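entry-v3.cif (mmCIF, C-alpha atoms)
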```
data_model
#
loop_
_atom_site.group_PDB
_atom_site.id
_atom_site.type_symbol
_atom_site.label_atom_id
_atom_site.label_comp_id
_atom_site.auth_asym_id
_atom_site.auth_seq_id
_atom_site.Cartn_x
_atom_site.Cartn_y
_atom_site.Cartn_z
ATOM 1 C CA MET T 1 1.493 13.238 19.895
ATOM 2 C CA ASP T 2 4.437 13.817 22.171
ATOM 3 C CA ALA T 3 7.870 14.931 20.981
ATOM 4 C CA LYS T 4 9.195 11.358 20.690
ATOM 5 C CA THR T 5 6.254 10.247 18.551
ATOM 6 C CA ARG T 6 6.620 13.339 16.388
ATOM 7 C CA LEU T 7 10.246 12.452 15.728
ATOM 8 C CA GLU T 8 9.303 8.878 14.841
ATOM 9 C CA LEU T 9 6.773 10.150 12.290
ATOM 10 C CA GLN T 10 9.377 12.449 10.807
ATOM 11 C CA GLN T 11 11.819 9.539 10.603
ATOM 12 C CA LEU T 12 9.231 7.369 8.839
ATOM 13 C CA LEU T 13 8.591 10.123 6.282
ATOM 14 C CA LYS T 14 12.315 10.601 5.782
ATOM 15 C CA THR T 15 13.179 6.953 5.176
ATOM 16 C CA SER T 16 10.195 5.709 3.145
ATOM 17 C CA HIS T 17 10.386 6.933 -0.436
ATOM 18 C CA VAL T 18 7.431 4.983 -1.800
ATOM 19 C CA ALA T 19 3.758 5.046 -0.890
ATOM 20 C CA SER T 20 0.699 2.925 -1.576
ATOM 21 C CA LEU T 21 -1.822 5.032 -3.464
ATOM 22 C CA ALA T 22 -5.496 4.077 -3.294
ATOM 23 C CA THR T 23 -7.738 5.530 -5.993
ATOM 24 C CA LEU T 24 -11.261 4.982 -7.257
ATOM 25 C CA HIS T 25 -11.336 2.993 -10.467
ATOM 26 C CA GLY T 26 -14.825 2.979 -11.945
ATOM 27 C CA GLY T 27 -16.238 3.122 -8.429
ATOM 28 C CA ALA T 28 -14.067 0.267 -7.093
ATOM 29 C CA PRO T 29 -10.926 0.659 -5.004
ATOM 30 C CA ALA T 30 -7.534 0.309 -6.704
ATOM 31 C CA VAL T 31 -4.054 0.433 -5.242
ATOM 32 C CA SER T 32 -0.668 1.151 -6.777
ATOM 33 C CA MET T 33 2.876 2.076 -5.795
ATOM 34 C CA VAL T 34 4.180 5.613 -6.184
ATOM 35 C CA PRO T 35 7.424 7.326 -5.272
ATOM 36 C CA TRP T 36 6.597 10.517 -3.361
ATOM 37 C CA ALA T 37 8.198 13.729 -2.133
ATOM 38 C CA SER T 38 7.146 16.586 0.150
ATOM 39 C CA ALA T 39 6.314 19.963 -1.303
ATOM 40 C CA THR T 40 8.683 22.614 0.040
ATOM 41 C CA ASP T 41 6.046 24.104 2.363
ATOM 42 C CA GLY T 42 4.928 20.665 3.586
ATOM 43 C CA ALA T 43 1.348 21.429 2.600
ATOM 44 C CA SER T 44 1.157 18.605 0.068
ATOM 45 C CA LEU T 45 2.785 15.391 -1.106
ATOM 46 C CA LEU T 46 4.022 15.271 -4.671
ATOM 47 C CA ILE T 47 3.873 12.327 -7.040
ATOM 48 C CA HIS T 48 5.032 12.141 -10.659
ATOM 49 C CA VAL T 49 2.898 9.827 -12.733
ATOM 50 C CA SER T 50 2.521 8.651 -16.291
ATOM 51 C CA GLY T 51 -0.571 9.633 -18.247
ATOM 52 C CA LEU T 52 -0.672 6.032 -19.456
ATOM 53 C CA SER T 53 -1.080 4.590 -15.961
ATOM 54 C CA GLN T 54 -4.403 3.658 -14.468
ATOM 55 C CA HIS T 55 -4.012 5.731 -11.292
ATOM 56 C CA THR T 56 -3.573 8.939 -13.332
ATOM 57 C CA GLY T 57 -6.873 8.367 -15.107
ATOM 58 C CA ASP T 58 -8.483 7.524 -11.775
ATOM 59 C CA MET T 59 -7.307 10.780 -10.144
ATOM 60 C CA LEU T 60 -8.471 12.869 -13.093
ATOM 61 C CA ALA T 61 -11.914 11.220 -12.890
ATOM 62 C CA ASP T 62 -12.182 11.504 -9.082
ATOM 63 C CA PRO T 63 -9.572 13.394 -7.027
ATOM 64 C CA ARG T 64 -10.215 11.485 -3.802
ATOM 65 C CA VAL T 65 -7.192 9.391 -2.830
ATOM 66 C CA ALA T 66 -5.595 7.737 0.164
ATOM 67 C CA LEU T 67 -1.857 7.384 0.556
ATOM 68 C CA MET T 68 -0.071 5.052 2.956
ATOM 69 C CA ILE T 69 3.595 5.409 3.826
ATOM 70 C CA ALA T 70 4.792 2.378 5.759
ATOM 71 C CA GLU T 71 8.031 1.164 7.239
ATOM 72 C CA PRO T 72 9.252 -1.846 5.250
ATOM 73 C CA GLU T 73 8.999 -5.162 7.060
ATOM 74 C CA SER T 74 12.178 -6.463 8.635
ATOM 75 C CA SER T 75 12.823 -9.711 10.417
ATOM 76 C CA GLY T 76 12.788 -8.068 13.836
ATOM 77 C CA THR T 77 9.466 -6.238 14.012
ATOM 78 C CA MET T 78 6.104 -7.982 14.256
ATOM 79 C CA VAL T 79 4.360 -7.050 11.034
ATOM 80 C CA GLN T 80 1.220 -5.958 12.895
ATOM 81 C CA ALA T 81 3.266 -3.269 14.640
ATOM 82 C CA LEU T 82 4.987 -1.771 11.598
ATOM 83 C CA PRO T 83 4.748 2.022 11.721
ATOM 84 C CA ARG T 84 2.643 3.579 8.966
ATOM 85 C CA VAL T 85 0.809 6.780 8.204
ATOM 86 C CA MET T 86 -2.430 6.938 6.222
ATOM 87 C CA ILE T 87 -3.299 10.216 4.540
ATOM 88 C CA HIS T 88 -6.686 10.899 2.979
ATOM 89 C CA GLY T 89 -6.776 13.780 0.582
ATOM 90 C CA ALA T 90 -7.457 15.224 -2.811
ATOM 91 C CA ALA T 91 -5.125 14.941 -5.803
ATOM 92 C CA ARG T 92 -4.653 17.959 -8.071
ATOM 93 C CA GLU T 93 -2.619 17.958 -11.269
ATOM 94 C CA ILE T 94 -0.099 20.797 -11.330
ATOM 95 C CA ASP T 95 -0.286 22.604 -14.635
ATOM 96 C CA ARG T 96 3.051 22.454 -16.437
ATOM 97 C CA ASP T 97 2.764 26.151 -17.260
ATOM 98 C CA SER T 98 1.891 27.295 -13.755
ATOM 99 C CA SER T 99 4.377 28.999 -11.455
ATOM 100 C CA ASP T 100 4.091 26.068 -9.023
ATOM 101 C CA TYR T 101 5.416 23.554 -11.509
ATOM 102 C CA GLU T 102 9.133 24.327 -11.383
ATOM 103 C CA ALA T 103 9.226 24.363 -7.586
ATOM 104 C CA ALA T 104 7.338 21.058 -7.437
ATOM 105 C CA LYS T 105 9.674 19.519 -9.990
ATOM 106 C CA ARG T 106 12.728 20.650 -8.009
ATOM 107 C CA ALA T 107 11.296 19.283 -4.747
ATOM 108 C CA TYR T 108 10.506 15.958 -6.409
ATOM 109 C CA LEU T 109 13.919 15.626 -8.040
ATOM 110 C CA GLU T 110 15.722 16.469 -4.815
ATOM 111 C CA ARG T 111 14.298 13.272 -3.424
ATOM 112 C CA HIS T 112 14.271 11.218 -6.619
ATOM 113 C CA PRO T 113 17.228 12.433 -8.687
ATOM 114 C CA ARG T 114 17.181 9.318 -10.845
ATOM 115 C CA ALA T 115 13.667 10.208 -12.034
ATOM 116 C CA GLU T 116 15.013 13.187 -14.008
ATOM 117 C CA VAL T 117 14.735 11.308 -17.300
ATOM 118 C CA THR T 118 10.973 10.889 -16.825
ATOM 119 C CA PHE T 119 10.555 14.671 -16.831
ATOM 120 C CA ASP T 120 11.632 14.683 -20.463
ATOM 121 C CA LEU T 121 8.764 12.390 -21.355
ATOM 122 C CA GLY T 122 5.705 14.285 -22.492
ATOM 123 C CA ASP T 123 3.124 12.085 -20.828
ATOM 124 C CA PHE T 124 4.190 12.481 -17.201
ATOM 125 C CA SER T 125 2.669 14.984 -14.816
ATOM 126 C CA ILE T 126 2.975 16.047 -11.202
ATOM 127 C CA PHE T 127 0.020 15.691 -8.861
ATOM 128 C CA ALA T 128 -0.098 17.405 -5.464
ATOM 129 C CA ILE T 129 -2.011 15.471 -2.830
ATOM 130 C CA GLU T 130 -3.503 17.811 -0.272
ATOM 131 C CA PRO T 131 -4.157 16.025 3.037
ATOM 132 C CA ARG T 132 -7.618 16.247 4.592
ATOM 133 C CA SER T 133 -7.169 13.765 7.446
ATOM 134 C CA THR T 134 -4.215 11.748 8.653
ATOM 135 C CA ARG T 135 -3.899 8.740 10.917
ATOM 136 C CA TYR T 136 -0.517 7.623 12.215
ATOM 137 C CA VAL T 137 0.082 4.182 13.701
ATOM 138 C CA ALA T 138 3.407 4.298 15.507
ATOM 139 C CA GLY T 139 3.188 0.735 16.841
ATOM 140 C CA PHE T 140 0.997 -1.513 18.987
ATOM 141 C CA GLY T 141 -1.806 0.496 20.569
ATOM 142 C CA ARG T 142 -0.169 3.721 19.452
ATOM 143 C CA ALA T 143 -2.502 5.349 16.918
ATOM 144 C CA TYR T 144 -2.865 9.091 16.495
ATOM 145 C CA ASP T 145 -4.933 11.522 14.497
ATOM 146 C CA VAL T 146 -2.498 14.037 13.072
ATOM 147 C CA GLU T 147 -3.564 17.647 12.624
ATOM 148 C CA GLN T 148 -2.908 19.198 9.231
ATOM 149 C CA ALA T 149 -0.417 21.712 10.621
ATOM 150 C CA GLU T 150 1.448 18.975 12.439
ATOM 151 C CA LEU T 151 1.700 16.831 9.316
ATOM 152 C CA ALA T 152 2.900 19.834 7.301
ATOM 153 C CA ARG T 153 5.585 20.454 9.909
ATOM 154 C CA ALA T 154 6.711 16.816 9.783
ATOM 155 C CA LEU T 155 6.793 16.930 5.983
ATOM 156 C CA ARG T 156 8.825 20.156 6.019
ATOM 157 C CA ASP T 157 11.217 18.811 8.629
ATOM 158 C CA GLU T 158 11.606 15.557 6.715
ATOM 159 C CA ARG T 159 13.093 17.450 3.786
ATOM 160 C CA MET Q 1 4.864 -14.958 -18.094
ATOM 161 C CA ASP Q 2 7.886 -17.130 -18.626
ATOM 162 C CA ALA Q 3 9.280 -19.542 -16.024
ATOM 163 C CA LYS Q 4 11.755 -16.996 -14.631
ATOM 164 C CA THR Q 5 9.050 -14.367 -14.124
ATOM 165 C CA ARG Q 6 6.800 -16.954 -12.504
ATOM 166 C CA LEU Q 7 9.533 -17.786 -10.004
ATOM 167 C CA GLU Q 8 10.074 -14.097 -9.256
ATOM 168 C CA LEU Q 9 6.364 -13.679 -8.509
ATOM 169 C CA GLN Q 10 6.449 -16.698 -6.240
ATOM 170 C CA GLN Q 11 9.483 -15.275 -4.466
ATOM 171 C CA LEU Q 12 7.721 -11.921 -3.955
ATOM 172 C CA LEU Q 13 4.702 -13.706 -2.445
ATOM 173 C CA LYS Q 14 6.949 -15.772 -0.226
ATOM 174 C CA THR Q 15 8.968 -12.916 1.202
ATOM 175 C CA SER Q 16 6.367 -10.165 1.625
ATOM 176 C CA HIS Q 17 4.153 -10.830 4.622
ATOM 177 C CA VAL Q 18 2.218 -7.583 4.568
ATOM 178 C CA ALA Q 19 -0.054 -6.043 1.958
ATOM 179 C CA SER Q 20 -1.644 -2.678 1.304
ATOM 180 C CA LEU Q 21 -5.411 -3.093 1.374
ATOM 181 C CA ALA Q 22 -7.558 -0.565 -0.485
ATOM 182 C CA THR Q 23 -11.219 -0.423 0.522
ATOM 183 C CA LEU Q 24 -14.155 1.866 -0.087
ATOM 184 C CA HIS Q 25 -14.912 4.067 2.894
ATOM 185 C CA GLY Q 26 -18.181 5.900 2.414
ATOM 186 C CA GLY Q 27 -17.515 5.956 -1.319
ATOM 187 C CA ALA Q 28 -13.945 7.262 -0.999
ATOM 188 C CA PRO Q 29 -10.779 5.169 -1.262
ATOM 189 C CA ALA Q 30 -9.002 4.134 1.934
ATOM 190 C CA VAL Q 31 -5.782 2.211 2.403
ATOM 191 C CA SER Q 32 -4.413 0.207 5.316
ATOM 192 C CA MET Q 33 -1.770 -2.379 6.112
ATOM 193 C CA VAL Q 34 -2.665 -6.023 6.637
ATOM 194 C CA PRO Q 35 -0.620 -9.157 7.231
ATOM 195 C CA TRP Q 36 -1.775 -11.822 4.762
ATOM 196 C CA ALA Q 37 -1.470 -15.546 4.067
ATOM 197 C CA SER Q 38 -2.435 -17.858 1.198
ATOM 198 C CA ALA Q 39 -5.355 -20.226 1.585
ATOM 199 C CA THR Q 40 -4.177 -23.843 1.266
ATOM 200 C CA ASP Q 41 -5.622 -24.205 -2.248
ATOM 201 C CA GLY Q 42 -4.227 -20.850 -3.392
ATOM 202 C CA ALA Q 43 -7.702 -19.717 -4.437
ATOM 203 C CA SER Q 44 -7.795 -16.820 -1.991
ATOM 204 C CA LEU Q 45 -5.697 -14.616 0.259
ATOM 205 C CA LEU Q 46 -6.521 -14.590 3.952
ATOM 206 C CA ILE Q 47 -6.435 -11.636 6.303
ATOM 207 C CA HIS Q 48 -7.298 -11.522 10.002
ATOM 208 C CA VAL Q 49 -8.812 -8.237 11.017
ATOM 209 C CA SER Q 50 -10.321 -6.545 14.037
ATOM 210 C CA GLY Q 51 -14.007 -5.720 14.032
ATOM 211 C CA LEU Q 52 -13.021 -2.359 15.487
ATOM 212 C CA SER Q 53 -10.910 -1.368 12.510
ATOM 213 C CA GLN Q 54 -12.134 0.783 9.670
ATOM 214 C CA HIS Q 55 -11.246 -1.652 6.884
ATOM 215 C CA THR Q 56 -13.438 -4.368 8.418
ATOM 216 C CA GLY Q 57 -16.469 -2.102 8.366
ATOM 217 C CA ASP Q 58 -15.582 -1.058 4.826
ATOM 218 C CA MET Q 59 -15.422 -4.675 3.574
ATOM 219 C CA LEU Q 60 -18.724 -5.552 5.239
ATOM 220 C CA ALA Q 61 -20.366 -2.552 3.566
ATOM 221 C CA ASP Q 62 -18.789 -3.182 0.131
ATOM 222 C CA PRO Q 63 -16.742 -6.314 -0.570
ATOM 223 C CA ARG Q 64 -14.704 -4.784 -3.400
ATOM 224 C CA VAL Q 65 -11.038 -4.485 -2.429
ATOM 225 C CA ALA Q 66 -7.606 -4.185 -3.978
ATOM 226 C CA LEU Q 67 -4.523 -5.670 -2.385
ATOM 227 C CA MET Q 68 -0.934 -4.786 -3.226
ATOM 228 C CA ILE Q 69 2.020 -6.913 -2.203
ATOM 229 C CA ALA Q 70 5.266 -5.079 -2.851
ATOM 230 C CA GLU Q 71 8.936 -5.729 -2.342
ATOM 231 C CA PRO Q 72 10.251 -3.403 0.377
ATOM 232 C CA GLU Q 73 12.504 -0.633 -0.845
ATOM 233 C CA SER Q 74 16.206 -1.177 -0.435
ATOM 234 C CA SER Q 75 19.083 1.130 -1.194
ATOM 235 C CA GLY Q 76 19.989 -0.750 -4.364
ATOM 236 C CA THR Q 77 16.785 -0.841 -6.423
ATOM 237 C CA MET Q 78 15.292 2.226 -8.086
ATOM 238 C CA VAL Q 79 11.969 2.660 -6.304
ATOM 239 C CA GLN Q 80 10.109 2.912 -9.622
ATOM 240 C CA ALA Q 81 11.215 -0.623 -10.467
ATOM 241 C CA LEU Q 82 10.261 -2.327 -7.187
ATOM 242 C CA PRO Q 83 8.377 -5.554 -7.930
ATOM 243 C CA ARG Q 84 4.737 -5.558 -6.823
ATOM 244 C CA VAL Q 85 1.544 -7.406 -7.525
ATOM 245 C CA MET Q 86 -1.915 -5.784 -7.473
ATOM 246 C CA ILE Q 87 -4.909 -8.003 -6.905
ATOM 247 C CA HIS Q 88 -8.476 -6.821 -7.373
ATOM 248 C CA GLY Q 89 -11.089 -8.985 -5.747
ATOM 249 C CA ALA Q 90 -13.950 -9.473 -3.361
ATOM 250 C CA ALA Q 91 -13.608 -9.913 0.399
ATOM 251 C CA ARG Q 92 -15.804 -12.446 2.172
ATOM 252 C CA GLU Q 93 -15.920 -12.961 5.927
ATOM 253 C CA ILE Q 94 -15.423 -16.613 6.851
ATOM 254 C CA ASP Q 95 -18.049 -17.677 9.359
ATOM 255 C CA ARG Q 96 -16.433 -18.855 12.598
ATOM 256 C CA ASP Q 97 -18.783 -21.839 12.666
ATOM 257 C CA SER Q 98 -18.173 -22.902 9.067
ATOM 258 C CA SER Q 99 -16.018 -25.867 8.088
ATOM 259 C CA ASP Q 100 -13.650 -23.487 6.260
ATOM 260 C CA TYR Q 101 -12.758 -21.574 9.383
ATOM 261 C CA GLU Q 102 -10.334 -23.980 11.048
ATOM 262 C CA ALA Q 103 -8.390 -24.578 7.817
ATOM 263 C CA ALA Q 104 -8.145 -20.837 7.185
ATOM 264 C CA LYS Q 105 -7.012 -20.234 10.761
ATOM 265 C CA ARG Q 106 -4.310 -22.905 10.447
ATOM 266 C CA ALA Q 107 -3.092 -21.491 7.118
ATOM 267 C CA TYR Q 108 -2.954 -17.992 8.594
ATOM 268 C CA LEU Q 109 -1.131 -19.058 11.744
ATOM 269 C CA GLU Q 110 1.416 -21.072 9.770
ATOM 270 C CA ARG Q 111 2.537 -17.813 8.296
ATOM 271 C CA HIS Q 112 1.896 -15.570 11.285
ATOM 272 C CA PRO Q 113 2.453 -17.715 14.379
ATOM 273 C CA ARG Q 114 2.799 -14.670 16.620
ATOM 274 C CA ALA Q 115 -0.776 -13.665 15.751
ATOM 275 C CA GLU Q 116 -2.165 -16.621 17.724
ATOM 276 C CA VAL Q 117 -3.132 -14.412 20.641
ATOM 277 C CA THR Q 118 -5.452 -12.354 18.418
ATOM 278 C CA PHE Q 119 -7.529 -15.473 17.702
ATOM 279 C CA ASP Q 120 -8.563 -15.501 21.346
ATOM 280 C CA LEU Q 121 -10.041 -12.033 20.973
ATOM 281 C CA GLY Q 122 -13.714 -12.112 20.176
ATOM 282 C CA ASP Q 123 -13.753 -9.223 17.768
ATOM 283 C CA PHE Q 124 -11.334 -10.560 15.124
ATOM 284 C CA SER Q 125 -12.432 -12.359 12.002
ATOM 285 C CA ILE Q 126 -10.892 -13.923 8.923
ATOM 286 C CA PHE Q 127 -11.712 -12.551 5.479
ATOM 287 C CA ALA Q 128 -10.918 -14.448 2.291
ATOM 288 C CA ILE Q 129 -10.087 -12.225 -0.665
ATOM 289 C CA GLU Q 130 -10.998 -13.912 -3.920
ATOM 290 C CA PRO Q 131 -8.990 -12.488 -6.824
ATOM 291 C CA ARG Q 132 -10.843 -11.267 -9.920
ATOM 292 C CA SER Q 133 -7.940 -9.708 -11.794
ATOM 293 C CA THR Q 134 -4.237 -9.480 -11.095
ATOM 294 C CA ARG Q 135 -1.472 -7.297 -12.454
ATOM 295 C CA TYR Q 136 2.169 -8.062 -11.730
ATOM 296 C CA VAL Q 137 4.951 -5.539 -12.236
ATOM 297 C CA ALA Q 138 8.237 -7.440 -12.151
ATOM 298 C CA GLY Q 139 10.415 -4.395 -12.932
ATOM 299 C CA PHE Q 140 10.915 -1.699 -15.556
ATOM 300 C CA GLY Q 141 8.741 -2.348 -18.588
ATOM 301 C CA ARG Q 142 7.850 -5.778 -17.247
ATOM 302 C CA ALA Q 143 4.127 -5.788 -16.449
ATOM 303 C CA TYR Q 144 1.907 -8.840 -16.777
ATOM 304 C CA ASP Q 145 -1.739 -9.734 -16.430
ATOM 305 C CA VAL Q 146 -1.857 -12.860 -14.319
ATOM 306 C CA GLU Q 147 -4.541 -15.482 -14.973
ATOM 307 C CA GLN Q 148 -6.455 -16.665 -11.930
ATOM 308 C CA ALA Q 149 -5.114 -20.221 -12.211
ATOM 309 C CA GLU Q 150 -1.564 -18.936 -12.482
ATOM 310 C CA LEU Q 151 -1.952 -16.757 -9.384
ATOM 311 C CA ALA Q 152 -3.481 -19.679 -7.474
ATOM 312 C CA ARG Q 153 -0.497 -21.813 -8.443
ATOM 313 C CA ALA Q 154 1.963 -19.146 -7.291
ATOM 314 C CA LEU Q 155 0.065 -18.780 -4.009
ATOM 315 C CA ARG Q 156 0.069 -22.545 -3.453
ATOM 316 C CA ASP Q 157 3.743 -22.842 -4.312
ATOM 317 C CA GLU Q 158 4.594 -19.922 -2.048
ATOM 318 C CA ARG Q 159 3.327 -21.871 0.965
#
```
So, in terms of structure tokens, how does the structure I just supplied come out?
Amino acid sequence: MDAKTRLELQQLLKTSHVASLATLHGGAPAVSMVPWASATDGASLLIHVSGLSQHTGDMLADPRVALMIAEPESSGTMVQALPRVMIHGAAREIDRDSSDYEAAKRAYLERHPRAEVTFDLGDFSIFAIEPRSTRYVAGFGRAYDVEQAELARALRDER
Amino acid sequence: MDAKTRLELQQLLKTSHVASLATLHGGAPAVSMVPWASATDGASLLIHVSGLSQHTGDMLADPRVALMIAEPESSGTMVQALPRVMIHGAAREIDRDSSDYEAAKRAYLERHPRAEVTFDLGDFSIFAIEPRSTRYVAGFGRAYDVEQAELARALRDER
């Protein structure tokens, strides 16, 4: 990735606050929508999910997930060329009593201040998704494998 | 679903031309972006995919897929409340020599006229995704299971 492409990725991460989360549900693929935020160090993506939702059960049963962050369609761009980044990784629940929890909560609420009320609900928890491999499609014929360090930098710089 | 909710679902299907496609990749979940169209009878959703892409190989290896069609985020709506519909189903490649192919191609191109050029490429094919179960989230606390006949009607009416 050159400097221009790197900036485009950072811009995509900055402007898109929701992601498509693919999980395994009883061995079959499932997909849902999740608001997301970067961890402070950029090493993971944070989601805050209800224990009642299907994706939470899926991640507890099998931590393998894929996350797609895509630019919303607009009348100008051909849909086939919409920028998007696909991240394959493992989801880990952050223990509410661990030292990581408060920092993760702060990072999440910085991006999603209106979600504060959900932190008072007992059945919500934070999962950190740790990327294993990342593919970025910047447009037509512009697809890149993104190294872990590069993604972490983009996630840090997005904040 | 009442009449108002039914209209909202139809509106979502009408305005959102791209979907998030979850597939199984070597047993792990994967997610990608696909433009989609309704089949004329509303019984399936059509996608046109390259034989070189990962999701095509995934669907040929295991037809189970999940498709999410979501309203793009906008500054007004809380992201947690964005309307979206999740469809679990099976993907079936439509044989280029079958009688279904021309009708599927026409239905797809009606919605994605600029994709015409990709039909001249030898390595693209149409997959029909036949819904098995559908969940529609219309907003906060407004989630519905959608019967197959009801989804087919919404897909027909969307056209």
(message) Counting all atoms listed in the file, a student should be able to say which residues of chain Q come within 8 Å of chain T; what is the right answer, written as a PyMOL selection string?
(response) chain Q and resi 16-18+20-24+27-35+64-68+72-73+78-80+84+86+88+114
(message) Take the PyMOL selection byres ((chain Q and resi 108) around 12), run it mentally on this structure, and tell me the resulting residues as an MDAnalysis selection string.
(response) chainID Q and resid 17 35:40 44:49 101:107 109:116 118:119 125:128 159
(request) Give the answer as one residue: which of T:Leu60, T:Val117, T:Ser133, T:Ala138 has the shortest atom-to-atom distance to Gln11 in chain T, using all atoms listed in the file? (result)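 When distances to Gln11 in chain T are compared using all atoms listed in the file, the smallest one comes from T:Ala138.
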(message) Just to confirm, what's the straight-line distance from CA of Arg156 in chain Q to CA of Gly42 in chain Q in Å (one decimal)?
(response)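 These atoms are spaced 4.6 Å apart.
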(message) Just to confirm, what's the straight-line distance from CA of Asp97 in chain T to CA of Asp123 in chain T in Å (one decimal)?
(response)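 Separation between CA of Asp97 in chain T and CA of Asp123 in chain T: 14.5 Å.
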(request) Just give me the gap between CA of Arg6 in chain T and CA of Ser50 in chain Q in Å, one decimal is fine. (result)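 Straight-line distance from CA of Arg6 in chain T to CA of Ser50 in chain Q works out to 26.2 Å.
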As a short mmCIF file (atom, residue, chain, number, x, y, z; two decimals), keeping the file's coordinate frame, the rebuilt range 140-146 of chain Q with all heavy atoms:
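Below is the file that was written, rebuild-v4.cif:
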```cif
data_model
loop_
_atom_site.label_atom_id
_atom_site.label_comp_id
_atom_site.auth_asym_id
_atom_site.auth_seq_id
_atom_site.Cartn_x
_atom_site.Cartn_y
_atom_site.Cartn_z
N PHE Q 140 11.10 -2.67 -14.47
CA PHE Q 140 10.92 -1.70 -15.56
C PHE Q 140 10.39 -2.35 -16.83
O PHE Q 140 11.01 -3.27 -17.36
CB PHE Q 140 12.25 -1.03 -15.90
CG PHE Q 140 12.44 0.22 -15.13
CD1 PHE Q 140 13.56 0.39 -14.32
CD2 PHE Q 140 11.51 1.25 -15.21
CE1 PHE Q 140 13.74 1.56 -13.61
CE2 PHE Q 140 11.69 2.42 -14.49
CZ PHE Q 140 12.80 2.57 -13.69
N GLY Q 141 9.27 -1.86 -17.32
CA GLY Q 141 8.74 -2.35 -18.59
C GLY Q 141 8.37 -3.82 -18.57
O GLY Q 141 8.29 -4.46 -19.61
N ARG Q 142 8.17 -4.36 -17.36
CA ARG Q 142 7.85 -5.78 -17.25
C ARG Q 142 6.56 -5.92 -16.44
O ARG Q 142 6.58 -6.21 -15.26
CB ARG Q 142 8.98 -6.54 -16.56
CG ARG Q 142 10.29 -6.54 -17.36
CD ARG Q 142 11.39 -7.29 -16.61
NE ARG Q 142 11.01 -8.67 -16.38
CZ ARG Q 142 11.37 -9.38 -15.30
NH1 ARG Q 142 12.12 -8.82 -14.35
NH2 ARG Q 142 10.99 -10.63 -15.15
N ALA Q 143 5.43 -5.69 -17.11
CA ALA Q 143 4.13 -5.79 -16.45
C ALA Q 143 3.32 -6.90 -17.10
O ALA Q 143 3.34 -7.05 -18.33
CB ALA Q 143 3.39 -4.47 -16.55
N TYR Q 144 2.63 -7.67 -16.28
CA TYR Q 144 1.91 -8.84 -16.78
C TYR Q 144 0.51 -8.91 -16.17
O TYR Q 144 0.34 -8.64 -14.98
CB TYR Q 144 2.64 -10.13 -16.38
CG TYR Q 144 4.08 -10.19 -16.82
CD1 TYR Q 144 5.09 -9.70 -15.99
CD2 TYR Q 144 4.44 -10.71 -18.06
CE1 TYR Q 144 6.41 -9.73 -16.39
CE2 TYR Q 144 5.76 -10.75 -18.47
CZ TYR Q 144 6.75 -10.25 -17.62
OH TYR Q 144 8.06 -10.29 -18.01
N ASP Q 145 -0.46 -9.30 -16.98
CA ASP Q 145 -1.74 -9.73 -16.43
C ASP Q 145 -1.57 -11.19 -16.02
O ASP Q 145 -1.02 -11.99 -16.78
CB ASP Q 145 -2.85 -9.61 -17.48
CG ASP Q 145 -3.20 -8.16 -17.75
OD1 ASP Q 145 -3.26 -7.38 -16.78
OD2 ASP Q 145 -3.39 -7.79 -18.93
N VAL Q 146 -2.03 -11.50 -14.83
CA VAL Q 146 -1.86 -12.86 -14.32
C VAL Q 146 -3.21 -13.56 -14.28
O VAL Q 146 -4.15 -13.06 -13.65
CB VAL Q 146 -1.22 -12.84 -12.91
CG1 VAL Q 146 -0.98 -14.26 -12.40
CG2 VAL Q 146 0.09 -12.05 -12.92
#
```
